[in-house]
Amino acid sequence: MSKEIPEPSELIYAPSPSWAPLQIAAGLALVLFGLYSLWAFSIVGALVVLAGVRSWWKLSDAEVSHMRREQVLDTAVIPAEPIRRATGNDS
């Protein structure tokens, strides 16, 4: 009984690597450092955070635009066979 395996109807998209999370974390660190020292560090940190958020937003927008808008809906076929074979000792 050779059953043919159908092609997958749904795809999984993994995000591409990005430096944006590291850039945002570094900017937040500068903002916090600026709160305890010179206020100019907070301004530079806020600018770094905004640049990181912008680049992350643009990257995710580009990735979403390449995805298919619709996927073929397919139903799973449930086998008619029992998962566990019944033996004479079952109650």
# chains A, B, ... in the order shown; residues from 1 in each chain; ligands from 1
>>> residues_around(residues="Ile24 of chain A", least_positions_apart="4", cutoff="10 Å", atoms="only C-alpha atoms", output="JSON list (two decimals) with N, CA and C atoms, in the first residue's frame")
[["chain", "number", "residue", "atom", "x", "y", "z"],
["A", 19, "TRP", "N", 20.15, 43.35, 12.56],
["A", 19, "TRP", "CA", 20.88, 44.01, 13.63],
["A", 19, "TRP", "C", 19.98, 44.97, 14.42],
["A", 20, "ALA", "N", 18.75, 45.14, 13.98],
["A", 20, "ALA", "CA", 17.86, 46.12, 14.59],
["A", 20, "ALA", "C", 17.60, 45.86, 16.09],
["A", 28, "LEU", "N", 18.56, 51.97, 23.98],
["A", 28, "LEU", "CA", 17.91, 52.04, 25.29],
["A", 28, "LEU", "C", 18.94, 52.12, 26.42],
["A", 29, "ALA", "N", 20.06, 51.42, 26.24],
["A", 29, "ALA", "CA", 21.13, 51.51, 27.23],
["A", 29, "ALA", "C", 21.69, 52.93, 27.30],
["A", 30, "LEU", "N", 21.83, 53.57, 26.14],
["A", 30, "LEU", "CA", 22.31, 54.96, 26.13],
["A", 30, "LEU", "C", 21.30, 55.90, 26.78],
["A", 45, "GLY", "N", 20.83, 58.27, 22.41],
["A", 45, "GLY", "CA", 20.21, 56.96, 22.56],
["A", 45, "GLY", "C", 18.82, 56.91, 21.97],
["A", 46, "ALA", "N", 18.04, 57.97, 22.16],
["A", 46, "ALA", "CA", 16.69, 58.01, 21.59],
["A", 46, "ALA", "C", 16.74, 58.02, 20.06],
["A", 47, "LEU", "N", 17.71, 58.72, 19.50],
["A", 47, "LEU", "CA", 17.87, 58.72, 18.05],
["A", 47, "LEU", "C", 18.27, 57.33, 17.53],
["A", 48, "VAL", "N", 19.15, 56.66, 18.28],
["A", 48, "VAL", "CA", 19.56, 55.30, 17.90],
["A", 48, "VAL", "C", 18.36, 54.35, 17.98],
["A", 49, "VAL", "N", 17.54, 54.49, 19.02],
["A", 49, "VAL", "CA", 16.34, 53.66, 19.15],
["A", 49, "VAL", "C", 15.40, 53.90, 17.98],
["A", 50, "LEU", "N", 15.15, 55.15, 17.64],
["A", 50, "LEU", "CA", 14.26, 55.47, 16.53],
["A", 50, "LEU", "C", 14.79, 54.92, 15.20],
["A", 51, "ALA", "N", 16.10, 55.00, 14.99],
["A", 51, "ALA", "CA", 16.68, 54.45, 13.76],
["A", 51, "ALA", "C", 16.54, 52.93, 13.73],
["A", 52, "GLY", "N", 16.72, 52.27, 14.88],
["A", 52, "GLY", "CA", 16.56, 50.82, 14.95],
["A", 52, "GLY", "C", 15.14, 50.38, 14.71],
["A", 53, "VAL", "N", 14.19, 51.11, 15.29],
["A", 53, "VAL", "CA", 12.77, 50.77, 15.09],
["A", 53, "VAL", "C", 12.40, 50.96, 13.62],
["A", 56, "TRP", "N", 13.91, 48.10, 11.55],
["A", 56, "TRP", "CA", 13.22, 46.85, 11.83],
["A", 56, "TRP", "C", 11.84, 46.85, 11.16]]
>>> closest_residue(among="A:Gly27, A:Gly34, A:Pro21, A:Pro15", to="Met67 of chain A", atoms="only C-alpha atoms")
A:Pro15
>>> closest_residue(among="A:Ser42, A:Pro6, A:Leu11, A:Phe33", to="Glu70 of chain A", atoms="only C-alpha atoms")
A:Leu11
>>> atom_distance(atom1="atom CA of Tyr13 of chain A", atom2="atom CA of Asp61 of chain A")
13.5 Å
